[in-house]
>>> print(open('run24.tsv').read())   # TSV, C-alpha atoms
chain	number	residue	atom	x	y	z
H	198	ALA	CA	5.96	-17.03	-23.89
H	199	GLN	CA	3.33	-16.92	-21.21
H	200	LYS	CA	-0.40	-17.37	-21.54
H	201	ILE	CA	-3.20	-16.77	-19.05
H	202	THR	CA	-6.67	-18.20	-19.55
H	203	GLN	CA	-9.76	-17.04	-17.70
H	204	THR	CA	-12.71	-19.07	-18.95
H	205	GLN	CA	-15.47	-17.23	-17.08
H	206	PRO	CA	-16.39	-13.97	-18.83
H	207	GLY	CA	-19.04	-13.26	-16.19
H	208	MET	CA	-19.94	-14.56	-12.77
H	209	PHE	CA	-22.77	-13.86	-10.34
H	210	VAL	CA	-22.64	-14.45	-6.59
H	211	GLN	CA	-25.02	-13.73	-3.76
H	212	GLU	CA	-23.85	-11.28	-1.13
H	213	LYS	CA	-22.05	-12.98	1.80
H	214	GLU	CA	-21.36	-16.13	-0.20
H	215	ALA	CA	-17.94	-17.31	-1.41
H	216	VAL	CA	-16.96	-17.32	-5.07
H	217	THR	CA	-14.08	-18.85	-7.04
H	218	LEU	CA	-12.67	-17.20	-10.15
H	219	ASP	CA	-10.73	-19.56	-12.40
H	220	CYS	CA	-7.30	-18.95	-13.88
H	221	THR	CA	-5.00	-21.32	-15.71
H	222	TYR	CA	-1.60	-20.43	-17.08
H	223	ASP	CA	1.07	-21.73	-19.36
H	224	THR	CA	4.75	-20.87	-19.17
H	225	SER	CA	8.17	-22.35	-19.74
H	226	ASP	CA	9.80	-20.08	-17.17
H	227	PRO	CA	11.26	-21.92	-14.18
H	228	SER	CA	10.09	-19.29	-11.71
H	229	TYR	CA	7.21	-16.90	-11.99
H	230	GLY	CA	4.77	-14.80	-10.03
H	231	LEU	CA	1.01	-14.96	-10.23
H	232	PHE	CA	-1.19	-11.96	-9.53
H	233	TRP	CA	-4.84	-11.08	-9.20
H	234	TYR	CA	-6.07	-7.56	-9.79
H	235	LYS	CA	-9.48	-5.97	-9.38
H	236	GLN	CA	-10.62	-3.28	-11.78
H	237	PRO	CA	-13.79	-1.39	-10.84
H	238	SER	CA	-15.60	0.73	-13.37
H	239	SER	CA	-13.39	3.68	-12.40
H	240	GLY	CA	-10.52	1.97	-14.20
H	241	GLU	CA	-7.91	1.71	-11.47
H	242	MET	CA	-6.13	-1.65	-11.34
H	243	ILE	CA	-6.12	-2.70	-7.67
H	244	PHE	CA	-3.62	-5.32	-6.50
H	245	LEU	CA	-5.30	-8.12	-4.55
H	246	ILE	CA	-2.94	-11.02	-4.03
H	247	TYR	CA	0.38	-12.49	-5.16
H	248	GLN	CA	1.73	-16.05	-5.30
H	249	GLY	CA	5.28	-16.98	-6.19
H	250	SER	CA	5.80	-20.26	-8.01
H	251	TYR	CA	8.29	-21.23	-5.32
H	252	ASP	CA	5.85	-20.62	-2.46
H	253	GLN	CA	4.81	-23.81	-0.69
H	254	GLN	CA	1.70	-22.35	0.88
H	255	ASN	CA	-1.26	-20.69	-0.80
H	256	ALA	CA	-1.34	-16.93	-0.44
H	257	THR	CA	-4.05	-15.22	1.59
H	258	GLU	CA	-4.91	-11.52	1.96
H	259	GLY	CA	-7.93	-10.90	4.13
H	260	ARG	CA	-11.00	-12.21	2.31
H	261	TYR	CA	-8.89	-13.21	-0.71
H	262	SER	CA	-7.06	-16.47	-1.07
H	263	LEU	CA	-5.26	-17.98	-4.02
H	264	ASN	CA	-5.74	-21.69	-4.67
H	265	PHE	CA	-2.41	-22.49	-6.33
H	266	GLN	CA	-2.06	-25.91	-7.96
H	267	LYS	CA	1.28	-25.90	-9.70
H	268	ALA	CA	0.99	-29.32	-11.33
H	269	ARG	CA	-2.34	-28.31	-12.89
H	270	LYS	CA	-1.05	-24.81	-13.70
H	271	SER	CA	-4.00	-23.17	-12.04
H	272	ALA	CA	-4.21	-20.15	-9.75
H	273	ASN	CA	-7.83	-19.64	-8.80
H	274	LEU	CA	-8.95	-16.68	-6.71
H	275	VAL	CA	-11.34	-17.35	-3.86
H	276	ILE	CA	-13.29	-14.46	-2.39
H	277	SER	CA	-15.01	-15.28	0.86
H	278	ALA	CA	-18.08	-13.47	2.21
H	279	SER	CA	-18.72	-11.45	-0.96
H	280	GLN	CA	-19.68	-7.81	-0.61
H	281	LEU	CA	-21.51	-5.50	-3.01
H	282	GLY	CA	-18.28	-3.56	-3.43
H	283	ASP	CA	-16.61	-6.65	-4.86
H	284	SER	CA	-18.53	-6.16	-8.10
H	285	ALA	CA	-15.80	-5.45	-10.66
H	286	MET	CA	-13.63	-6.97	-13.38
H	287	TYR	CA	-10.99	-9.36	-12.08
H	288	PHE	CA	-7.75	-10.09	-13.93
H	289	CYS	CA	-5.31	-12.91	-13.41
H	290	ALA	CA	-1.75	-12.14	-14.50
H	291	MET	CA	1.71	-13.62	-14.38
H	292	ARG	CA	5.28	-12.51	-14.89
H	293	PRO	CA	8.56	-14.42	-15.05
H	294	LEU	CA	10.98	-13.86	-12.20
H	295	SER	CA	14.10	-14.47	-14.26
H	296	GLY	CA	15.39	-13.18	-17.57
H	297	SER	CA	15.04	-9.72	-19.02
H	298	ALA	CA	11.41	-9.89	-20.22
H	299	ARG	CA	9.52	-9.57	-16.95
H	300	GLN	CA	6.33	-7.90	-18.07
H	301	LEU	CA	2.93	-8.96	-16.85
H	302	THR	CA	0.79	-11.11	-19.11
H	303	PHE	CA	-2.92	-10.72	-18.36
H	304	GLY	CA	-5.93	-12.91	-18.89
H	305	SER	CA	-9.10	-11.59	-20.50
H	306	GLY	CA	-10.78	-11.02	-17.17
H	307	THR	CA	-13.92	-12.12	-15.31
H	308	GLN	CA	-16.74	-9.66	-14.62
H	309	LEU	CA	-18.04	-10.42	-11.14
H	310	THR	CA	-21.44	-9.17	-10.05
H	311	VAL	CA	-22.47	-9.47	-6.41
H	312	LEU	CA	-26.23	-9.63	-5.93
H	313	PRO	CA	-27.94	-8.22	-2.81
L	172	LYS	CA	2.34	6.41	1.49
L	173	ALA	CA	1.07	7.82	-1.80
L	174	GLY	CA	0.25	5.38	-4.57
L	175	VAL	CA	1.11	5.52	-8.24
L	176	THR	CA	-0.03	8.85	-9.68
L	177	GLN	CA	-0.95	9.26	-13.31
L	178	THR	CA	-1.81	12.53	-14.99
L	179	PRO	CA	-3.95	13.58	-16.65
L	180	ARG	CA	-6.92	11.37	-15.84
L	181	TYR	CA	-8.65	12.05	-19.15
L	182	LEU	CA	-7.41	13.32	-22.51
L	183	ILE	CA	-9.16	14.06	-25.76
L	184	LYS	CA	-7.04	14.48	-28.86
L	185	THR	CA	-7.56	14.43	-32.61
L	186	ARG	CA	-5.88	12.23	-35.17
L	187	GLY	CA	-2.36	13.28	-36.06
L	188	GLN	CA	-1.68	15.05	-32.78
L	189	GLN	CA	0.79	13.85	-30.20
L	190	VAL	CA	0.27	13.28	-26.50
L	191	THR	CA	2.41	12.91	-23.37
L	192	LEU	CA	1.26	10.98	-20.33
L	193	SER	CA	2.92	11.17	-16.94
L	194	CYS	CA	3.43	8.64	-14.17
L	195	SER	CA	4.89	9.16	-10.71
L	196	PRO	CA	5.71	5.84	-9.01
L	197	ILE	CA	5.36	5.01	-5.35
L	198	SER	CA	8.16	6.62	-3.37
L	199	GLY	CA	11.20	4.36	-3.40
L	200	HIS	CA	10.09	2.39	-6.44
L	201	ARG	CA	12.64	2.56	-9.23
L	202	SER	CA	10.93	0.53	-11.93
L	203	VAL	CA	7.99	1.75	-13.97
L	204	SER	CA	6.08	-0.11	-16.65
L	205	TRP	CA	3.29	0.94	-18.99
L	206	TYR	CA	0.30	-1.01	-20.29
L	207	GLN	CA	-2.40	-0.26	-22.81
L	208	GLN	CA	-5.92	-1.53	-22.21
L	209	THR	CA	-8.52	-1.69	-24.98
L	210	PRO	CA	-11.80	-3.62	-25.20
L	211	GLY	CA	-10.56	-5.54	-28.22
L	212	GLN	CA	-6.97	-6.36	-27.28
L	213	GLY	CA	-7.20	-6.38	-23.51
L	214	LEU	CA	-4.12	-5.43	-21.51
L	215	GLN	CA	-0.89	-5.23	-23.47
L	216	PHE	CA	2.62	-4.37	-22.30
L	217	LEU	CA	4.19	-1.22	-23.74
L	218	PHE	CA	7.57	-0.78	-22.01
L	219	GLU	CA	9.45	-0.98	-18.75
L	220	TYR	CA	12.03	1.36	-17.28
L	221	PHE	CA	14.47	0.86	-14.46
L	222	SER	CA	16.86	3.56	-13.26
L	223	GLU	CA	16.25	5.66	-16.41
L	224	THR	CA	16.99	2.75	-18.77
L	225	GLN	CA	14.44	1.01	-20.93
L	226	ARG	CA	14.72	-2.67	-20.07
L	227	ASN	CA	11.99	-4.11	-22.17
L	228	LYS	CA	9.62	-3.05	-24.92
L	229	GLY	CA	6.36	-4.55	-26.14
L	230	ASN	CA	5.19	-5.01	-29.69
L	231	PHE	CA	4.07	-1.47	-30.46
L	232	PRO	CA	5.07	0.83	-33.33
L	233	GLY	CA	7.78	3.42	-32.95
L	234	ARG	CA	5.14	6.13	-32.47
L	235	PHE	CA	5.02	4.94	-28.86
L	236	SER	CA	8.00	6.04	-26.81
L	237	GLY	CA	8.83	6.66	-23.22
L	238	ARG	CA	11.46	7.77	-20.80
L	239	GLN	CA	12.23	7.78	-17.12
L	240	PHE	CA	13.79	10.61	-15.15
L	241	SER	CA	16.30	10.50	-12.32
L	242	ASN	CA	13.50	10.84	-9.75
L	243	SER	CA	11.87	7.69	-11.25
L	244	ARG	CA	8.98	9.62	-12.77
L	245	SER	CA	8.14	8.38	-16.23
L	246	GLU	CA	6.49	9.79	-19.31
L	247	MET	CA	5.17	8.08	-22.37
L	248	ASN	CA	4.61	9.82	-25.67
L	249	VAL	CA	2.46	8.85	-28.59
L	250	SER	CA	3.04	10.75	-31.82
L	251	THR	CA	0.79	10.98	-34.87
L	252	LEU	CA	-2.23	9.67	-33.00
L	253	GLU	CA	-4.56	7.21	-34.65
L	254	LEU	CA	-8.14	6.33	-33.75
L	255	GLY	CA	-6.95	2.93	-32.56
L	256	ASP	CA	-4.77	4.55	-29.91
L	257	SER	CA	-7.89	5.32	-27.89
L	258	ALA	CA	-7.37	3.32	-24.72
L	259	LEU	CA	-6.79	3.34	-21.01
L	260	TYR	CA	-3.06	3.68	-20.37
L	261	LEU	CA	-1.94	2.22	-17.08
L	262	CYS	CA	1.34	2.74	-15.31
L	263	ALA	CA	2.71	0.36	-12.69
L	264	SER	CA	5.61	0.70	-10.29
L	265	ILE	CA	7.68	-1.88	-8.47
L	266	VAL	CA	10.46	-1.78	-5.88
L	267	ASN	CA	12.64	-4.44	-7.42
L	268	PRO	CA	12.17	-7.02	-10.17
L	269	ASN	CA	10.81	-9.78	-7.96
L	270	GLU	CA	8.23	-7.71	-6.13
L	271	LYS	CA	4.59	-6.89	-6.69
L	272	LEU	CA	3.42	-4.34	-9.25
L	273	PHE	CA	1.09	-1.57	-8.16
L	274	PHE	CA	-0.92	0.36	-10.70
L	275	GLY	CA	-2.16	3.91	-10.96
L	276	SER	CA	-5.68	4.94	-11.91
L	277	GLY	CA	-4.74	5.27	-15.55
L	278	THR	CA	-5.12	7.91	-18.24
L	279	GLN	CA	-8.13	7.50	-20.50
L	280	LEU	CA	-7.13	8.72	-23.97
L	281	SER	CA	-9.77	9.35	-26.60
L	282	VAL	CA	-8.66	10.06	-30.15
L	283	LEU	CA	-11.30	11.71	-32.35
>>> encode(input="run24.tsv", output="C-alpha coordinates")
Amino acid sequence: AQKITQTQPGMFVQEKEAVTLDCTYDTSDPSYGLFWYKQPSSGEMIFLIYQGSYDQQNATEGRYSLNFQKARKSANLVISASQLGDSAMYFCAMRPLSGSARQLTFGSGTQLTVLP
Amino acid sequence: KAGVTQTPRYLIKTRGQQVTLSCSPISGHRSVSWYQQTPGQGLQFLFEYFSETQRNKGNFPGRFSGRQFSNSRSEMNVSTLELGDSALYLCASIVNPNEKLFFGSGTQLSVL
(Lines of atoms letter the chains of each structure in order from A and count residues from 1; the text may use other names and numbers.)
(Lines give C-alpha, C1' and ligand atoms only; values in the text may rest on other atoms or scores of the structure.)
Protein backbone atom coordinates (compact mmCIF):
# COMPACT_ATOMS: atom_id res chain seq x y z
CA ALA A 1 0.00 0.00 0.00
CA GLN A 2 1.09 3.53 -0.66
CA LYS A 3 0.68 6.58 1.52
CA ILE A 4 1.24 10.26 0.77
CA THR A 5 1.54 12.84 3.53
CA GLN A 6 1.23 16.57 3.02
CA THR A 7 1.66 18.26 6.39
CA GLN A 8 0.87 21.83 5.32
CA PRO A 9 -2.89 22.38 5.01
CA GLY A 10 -2.31 26.01 4.03
CA MET A 11 0.60 28.14 2.91
CA PHE A 12 1.04 31.83 2.16
CA VAL A 13 3.73 33.32 -0.07
CA GLN A 14 4.45 36.80 -1.30
CA GLU A 15 4.23 37.36 -5.04
CA LYS A 16 7.58 36.83 -6.82
CA GLU A 17 9.02 34.80 -3.96
CA ALA A 18 9.76 31.07 -4.02
CA VAL A 19 7.78 28.54 -2.00
CA THR A 20 8.28 24.88 -1.10
CA LEU A 21 5.35 22.51 -0.62
CA ASP A 22 6.21 19.41 1.38
CA CYS A 23 5.38 15.84 0.45
CA THR A 24 6.54 12.59 2.02
CA TYR A 25 5.55 9.14 0.87
CA ASP A 26 5.65 5.56 1.94
CA THR A 27 5.64 2.57 -0.37
CA SER A 28 7.01 -0.94 -0.68
CA ASP A 29 6.97 -0.83 -4.47
CA PRO A 30 10.41 -1.06 -6.08
CA SER A 31 9.60 1.52 -8.73
CA TYR A 32 7.08 4.31 -8.63
CA GLY A 33 6.20 7.68 -10.06
CA LEU A 34 5.63 10.85 -8.11
CA PHE A 35 3.31 13.60 -9.34
CA TRP A 36 2.26 17.09 -8.41
CA TYR A 37 -1.08 18.48 -9.51
CA LYS A 38 -2.63 21.92 -9.16
CA GLN A 39 -6.35 22.28 -8.61
CA PRO A 40 -7.78 25.79 -8.90
CA SER A 41 -11.24 26.58 -7.61
CA SER A 42 -12.66 25.57 -11.00
CA GLY A 43 -11.92 21.96 -10.09
CA GLU A 44 -9.71 20.86 -12.96
CA MET A 45 -6.69 18.81 -11.90
CA ILE A 46 -3.70 20.28 -13.75
CA PHE A 47 -0.54 18.19 -14.15
CA LEU A 48 2.56 20.08 -13.05
CA ILE A 49 5.54 17.77 -12.78
CA TYR A 50 6.55 14.11 -12.68
CA GLN A 51 9.51 12.27 -11.12
CA GLY A 52 10.26 8.60 -11.59
CA SER A 53 11.88 6.78 -8.69
CA TYR A 54 14.62 5.66 -11.06
CA ASP A 55 15.44 9.19 -12.23
CA GLN A 56 18.85 10.38 -11.08
CA GLN A 57 18.13 14.05 -11.57
CA ASN A 58 15.38 16.16 -10.06
CA ALA A 59 12.59 17.01 -12.46
CA THR A 60 12.01 20.59 -13.58
CA GLU A 61 9.15 22.12 -15.60
CA GLY A 62 9.47 25.86 -16.05
CA ARG A 63 8.97 27.51 -12.66
CA TYR A 64 8.31 24.12 -11.01
CA SER A 65 10.97 21.82 -9.70
CA LEU A 66 10.72 18.66 -7.66
CA ASN A 67 13.20 18.18 -4.84
CA PHE A 68 13.37 14.38 -4.77
CA GLN A 69 15.19 12.77 -1.83
CA LYS A 70 14.67 9.05 -2.19
CA ALA A 71 16.38 8.01 1.03
CA ARG A 72 14.16 10.38 3.00
CA LYS A 73 11.10 9.47 0.91
CA SER A 74 10.31 13.08 0.18
CA ALA A 75 9.24 14.80 -3.02
CA ASN A 76 8.83 18.48 -2.31
CA LEU A 77 7.53 20.89 -4.94
CA VAL A 78 9.38 24.17 -5.36
CA ILE A 79 7.64 27.02 -7.15
CA SER A 80 9.94 29.86 -8.07
CA ALA A 81 8.82 33.46 -8.63
CA SER A 82 5.26 32.92 -7.39
CA GLN A 83 2.42 34.52 -9.32
CA LEU A 84 -1.10 35.42 -8.23
CA GLY A 85 -2.39 32.72 -10.56
CA ASP A 86 -0.52 30.10 -8.55
CA SER A 87 -3.11 30.40 -5.78
CA ALA A 88 -4.76 26.97 -5.72
CA MET A 89 -4.82 23.58 -4.00
CA TYR A 90 -1.75 21.46 -4.68
CA PHE A 91 -1.76 17.67 -4.49
CA CYS A 92 1.16 15.29 -4.30
CA ALA A 93 0.46 11.81 -5.64
CA MET A 94 2.23 8.58 -6.44
CA ARG A 95 1.60 5.41 -8.37
CA PRO A 96 3.53 2.15 -8.65
CA LEU A 97 5.13 1.41 -11.99
CA SER A 98 4.89 -2.36 -11.67
CA GLY A 99 2.11 -4.77 -10.79
CA SER A 100 -1.55 -4.55 -11.68
CA ALA A 101 -2.67 -1.94 -9.13
CA ARG A 102 -1.30 1.25 -10.64
CA GLN A 103 -3.77 3.81 -9.41
CA LEU A 104 -2.73 7.17 -8.06
CA THR A 105 -2.68 7.67 -4.31
CA PHE A 106 -3.12 11.32 -3.35
CA GLY A 107 -2.15 13.36 -0.34
CA SER A 108 -4.63 15.63 1.41
CA GLY A 109 -3.39 18.71 -0.39
CA THR A 110 -1.91 22.11 0.44
CA GLN A 111 -3.89 25.30 -0.18
CA LEU A 112 -1.44 27.89 -1.48
CA THR A 113 -2.31 31.57 -1.39
CA VAL A 114 -0.10 34.07 -3.19
CA LEU A 115 -0.27 37.55 -1.70
CA PRO A 116 0.18 40.70 -3.84
CA LYS B 1 -4.25 18.51 -29.09
CA ALA B 2 -7.50 18.37 -27.13
CA GLY B 3 -7.32 17.43 -23.46
CA VAL B 4 -9.45 15.04 -21.47
CA THR B 5 -13.12 15.94 -21.94
CA GLN B 6 -15.72 15.17 -19.31
CA THR B 7 -19.44 15.71 -19.71
CA PRO B 8 -21.58 17.01 -18.24
CA ARG B 9 -19.80 19.61 -16.13
CA TYR B 10 -22.55 19.74 -13.52
CA LEU B 11 -25.34 17.35 -12.58
CA ILE B 12 -28.11 17.53 -10.03
CA LYS B 13 -29.94 14.34 -9.16
CA THR B 14 -32.18 13.09 -6.38
CA ARG B 15 -31.68 10.10 -4.14
CA GLY B 16 -32.51 6.79 -5.76
CA GLN B 17 -31.88 7.97 -9.31
CA GLN B 18 -29.02 6.77 -11.46
CA VAL B 19 -26.48 8.80 -13.38
CA THR B 20 -24.02 8.28 -16.24
CA LEU B 21 -20.88 10.35 -16.62
CA SER B 22 -18.77 10.45 -19.77
CA CYS B 23 -15.06 10.84 -20.38
CA SER B 24 -13.22 11.21 -23.67
CA PRO B 25 -9.45 10.72 -23.24
CA ILE B 26 -6.69 12.54 -25.06
CA SER B 27 -6.38 11.25 -28.60
CA GLY B 28 -4.13 8.19 -28.64
CA HIS B 29 -4.52 7.47 -24.95
CA ARG B 30 -5.91 4.00 -24.34
CA SER B 31 -6.15 3.94 -20.57
CA VAL B 32 -8.77 5.80 -18.56
CA SER B 33 -9.16 5.95 -14.81
CA TRP B 34 -11.80 7.52 -12.58
CA TYR B 35 -11.47 9.23 -9.20
CA GLN B 36 -13.97 10.58 -6.72
CA GLN B 37 -13.15 13.73 -4.77
CA THR B 38 -15.05 14.73 -1.64
CA PRO B 39 -14.15 17.19 1.13
CA GLY B 40 -14.20 14.42 3.72
CA GLN B 41 -12.45 11.55 1.93
CA GLY B 42 -10.25 13.47 -0.48
CA LEU B 43 -9.36 11.82 -3.79
CA GLN B 44 -10.17 8.14 -4.06
CA PHE B 45 -9.63 5.73 -6.94
CA LEU B 46 -12.73 4.22 -8.54
CA PHE B 47 -11.55 2.12 -11.50
CA GLU B 48 -9.18 1.90 -14.43
CA TYR B 49 -9.78 0.69 -17.96
CA PHE B 50 -7.36 -0.25 -20.67
CA SER B 51 -8.43 -1.35 -24.14
CA GLU B 52 -12.04 -1.90 -22.98
CA THR B 53 -11.00 -4.10 -20.03
CA GLN B 54 -11.28 -3.12 -16.40
CA ARG B 55 -7.81 -3.59 -14.96
CA ASN B 56 -8.32 -2.38 -11.46
CA LYS B 57 -11.14 -1.37 -9.15
CA GLY B 58 -11.17 0.69 -5.97
CA ASN B 59 -13.07 0.03 -2.79
CA PHE B 60 -16.50 1.25 -3.83
CA PRO B 61 -19.87 -0.54 -3.70
CA GLY B 62 -21.28 -2.32 -6.71
CA ARG B 63 -23.56 0.66 -7.42
CA PHE B 64 -20.51 2.20 -9.08
CA SER B 65 -19.72 0.70 -12.46
CA GLY B 66 -17.97 1.70 -15.61
CA ARG B 67 -17.03 0.67 -19.08
CA GLN B 68 -14.76 1.65 -21.91
CA PHE B 69 -15.61 1.64 -25.59
CA SER B 70 -13.47 0.70 -28.58
CA ASN B 71 -12.67 4.38 -29.22
CA SER B 72 -11.29 4.60 -25.63
CA ARG B 73 -14.16 6.78 -24.42
CA SER B 74 -15.34 5.74 -20.99
CA GLU B 75 -18.52 6.02 -19.00
CA MET B 76 -19.17 5.52 -15.34
CA ASN B 77 -22.57 4.81 -13.89
CA VAL B 78 -23.85 5.21 -10.38
CA SER B 79 -27.17 3.55 -9.59
CA THR B 80 -29.49 4.19 -6.65
CA LEU B 81 -27.81 7.46 -5.77
CA GLU B 82 -27.19 8.35 -2.15
CA LEU B 83 -26.51 11.75 -0.62
CA GLY B 84 -22.93 10.69 0.03
CA ASP B 85 -22.32 10.24 -3.69
CA SER B 86 -22.23 14.02 -4.07
CA ALA B 87 -18.70 14.66 -5.27
CA LEU B 88 -16.44 15.84 -8.03
CA TYR B 89 -15.76 12.91 -10.36
CA LEU B 90 -12.49 13.18 -12.22
CA CYS B 91 -11.37 11.18 -15.21
CA ALA B 92 -7.73 10.78 -16.20
CA SER B 93 -6.14 9.38 -19.33
CA ILE B 94 -2.70 7.96 -19.99
CA VAL B 95 -0.82 6.71 -23.05
CA ASN B 96 0.71 3.67 -21.46
CA PRO B 97 1.07 2.41 -17.89
CA ASN B 98 4.35 4.15 -17.14
CA GLU B 99 3.39 7.57 -18.40
CA LYS B 100 1.85 10.64 -16.84
CA LEU B 101 -1.86 10.93 -16.08
CA PHE B 102 -3.77 13.93 -17.37
CA PHE B 103 -7.11 14.86 -15.88
CA GLY B 104 -10.27 16.41 -17.21
CA SER B 105 -12.19 19.25 -15.58
CA GLY B 106 -14.45 16.83 -13.76
CA THR B 107 -18.18 16.38 -13.32
CA GLN B 108 -19.65 17.93 -10.19
CA LEU B 109 -22.50 15.68 -9.04
CA SER B 110 -24.96 16.92 -6.44
CA VAL B 111 -27.44 14.45 -4.98
CA LEU B 112 -30.45 16.04 -3.26
>>> interface_residues(input="run24.tsv", of="chain H", to="chain L", cutoff="8 Å", atoms="all atoms listed in the file", output="PyMOL selection string")
chain H and resi 239-244+247+294+297-303+305
>>> atom_distance(input="run24.tsv", atom1="atom CA of L:Ser241", atom2="atom CA of L:Ser222")
7.0 Å
>>> residues_around(input="run24.tsv", residues="H:Phe209", least_positions_apart="4", cutoff="8 Å", atoms="all atoms listed in the file", output="count of residues only")
4
>>> closest_residue(input="run24.tsv", among="H:Phe288, H:Tyr229, H:Tyr234, H:Phe265", to="H:Gly304", atoms="only C-alpha atoms")
H:Phe288
>>> atom_distance(input="run24.tsv", atom1="atom CA of H:Pro293", atom2="atom CA of H:Gln199")
8.5 Å
>>> closest_residue(input="run24.tsv", among="H:Thr224, H:Gln308, H:Ser295, H:Thr217", to="H:Arg260", atoms="all atoms listed in the file")
H:Thr217
>>> atom_distance(input="run24.tsv", atom1="atom CA of L:Ser264", atom2="atom CA of H:Gln248")
17.9 Å
>>> residues_around(input="run24.tsv", residues="H:Leu231", least_positions_apart="5", cutoff="9 Å", atoms="all atoms listed in the file", output="list in words")
Ile246, Tyr247, Gln248, Gly249, Ser250, Ala272, Cys289, Ala290, Met291, Arg292 and Pro293 of chain H
>>> closest_residue(input="run24.tsv", among="L:Asn242, L:Ser202, L:Thr191, L:Ser250", to="L:Thr224", atoms="all atoms listed in the file")
L:Ser202
>>> residues_near_point(input="run24.tsv", point="(-25.7, -13.3, 0.8)", cutoff="12 Å", atoms="only C-alpha atoms", output="list in words")
Phe209, Val210, Gln211, Glu212, Lys213, Glu214, Ala215, Val216, Ser277, Ala278, Ser279, Gln280, Leu281, Val311, Leu312 and Pro313 of chain H
>>> closest_residue(input="run24.tsv", among="L:Val203, L:Ala258, L:Ile265, L:Ile197", to="L:Leu182", atoms="all atoms listed in the file")
L:Ala258
>>> residues_near_point(input="run24.tsv", point="(-2.5, -16.2, -1.6)", cutoff="10 Å", atoms="only C-alpha atoms", output="ChimeraX atom specification")
/H:231-233,245-249,252,254-259,261-265,272-275
>>> decode(input="run24.tsv", residues="stretch 265-283 of chain L", atoms="N, CA and C atoms", output="short mmCIF file (atom, residue, chain, number, x, y, z; two decimals), in the first residue's frame")
data_model
loop_
_atom_site.label_atom_id
_atom_site.label_comp_id
_atom_site.auth_asym_id
_atom_site.auth_seq_id
_atom_site.Cartn_x
_atom_site.Cartn_y
_atom_site.Cartn_z
N ILE L 265 -4.13 8.23 -19.98
CA ILE L 265 -2.70 7.96 -19.99
C ILE L 265 -2.38 7.18 -21.25
N VAL L 266 -1.20 7.40 -21.82
CA VAL L 266 -0.82 6.71 -23.05
C VAL L 266 -0.51 5.25 -22.77
N ASN L 267 0.38 5.04 -21.84
CA ASN L 267 0.71 3.67 -21.46
C ASN L 267 0.99 3.65 -19.97
N PRO L 268 1.05 2.49 -19.36
CA PRO L 268 1.07 2.41 -17.89
C PRO L 268 2.17 3.19 -17.19
N ASN L 269 3.27 3.46 -17.84
CA ASN L 269 4.35 4.15 -17.14
C ASN L 269 4.44 5.62 -17.46
N GLU L 270 3.39 6.16 -18.01
CA GLU L 270 3.39 7.57 -18.40
C GLU L 270 2.58 8.41 -17.42
N LYS L 271 2.53 9.70 -17.72
CA LYS L 271 1.85 10.64 -16.84
C LYS L 271 0.35 10.59 -17.06
N LEU L 272 -0.40 10.86 -16.00
CA LEU L 272 -1.86 10.93 -16.08
C LEU L 272 -2.29 12.37 -16.25
N PHE L 273 -3.21 12.60 -17.16
CA PHE L 273 -3.77 13.93 -17.37
C PHE L 273 -5.27 13.86 -17.08
N PHE L 274 -5.73 14.85 -16.33
CA PHE L 274 -7.11 14.86 -15.88
C PHE L 274 -7.98 15.80 -16.70
N GLY L 275 -9.28 15.51 -16.67
CA GLY L 275 -10.27 16.41 -17.21
C GLY L 275 -10.70 17.40 -16.16
N SER L 276 -11.70 18.22 -16.50
CA SER L 276 -12.19 19.25 -15.58
C SER L 276 -13.15 18.69 -14.54
N GLY L 277 -13.59 17.46 -14.74
CA GLY L 277 -14.45 16.83 -13.76
C GLY L 277 -15.93 17.06 -13.98
N THR L 278 -16.73 16.21 -13.36
CA THR L 278 -18.18 16.38 -13.32
C THR L 278 -18.57 16.55 -11.86
N GLN L 279 -19.20 17.67 -11.55
CA GLN L 279 -19.65 17.93 -10.19
C GLN L 279 -21.07 17.38 -10.04
N LEU L 280 -21.21 16.33 -9.25
CA LEU L 280 -22.50 15.68 -9.04
C LEU L 280 -23.05 16.10 -7.68
N SER L 281 -24.27 16.58 -7.69
CA SER L 281 -24.96 16.92 -6.44
C SER L 281 -26.18 16.03 -6.33
N VAL L 282 -26.29 15.32 -5.22
CA VAL L 282 -27.44 14.45 -4.98
C VAL L 282 -28.29 15.08 -3.88
N LEU L 283 -29.56 15.36 -4.22
CA LEU L 283 -30.45 16.04 -3.26
C LEU L 283 -31.44 15.06 -2.65
#
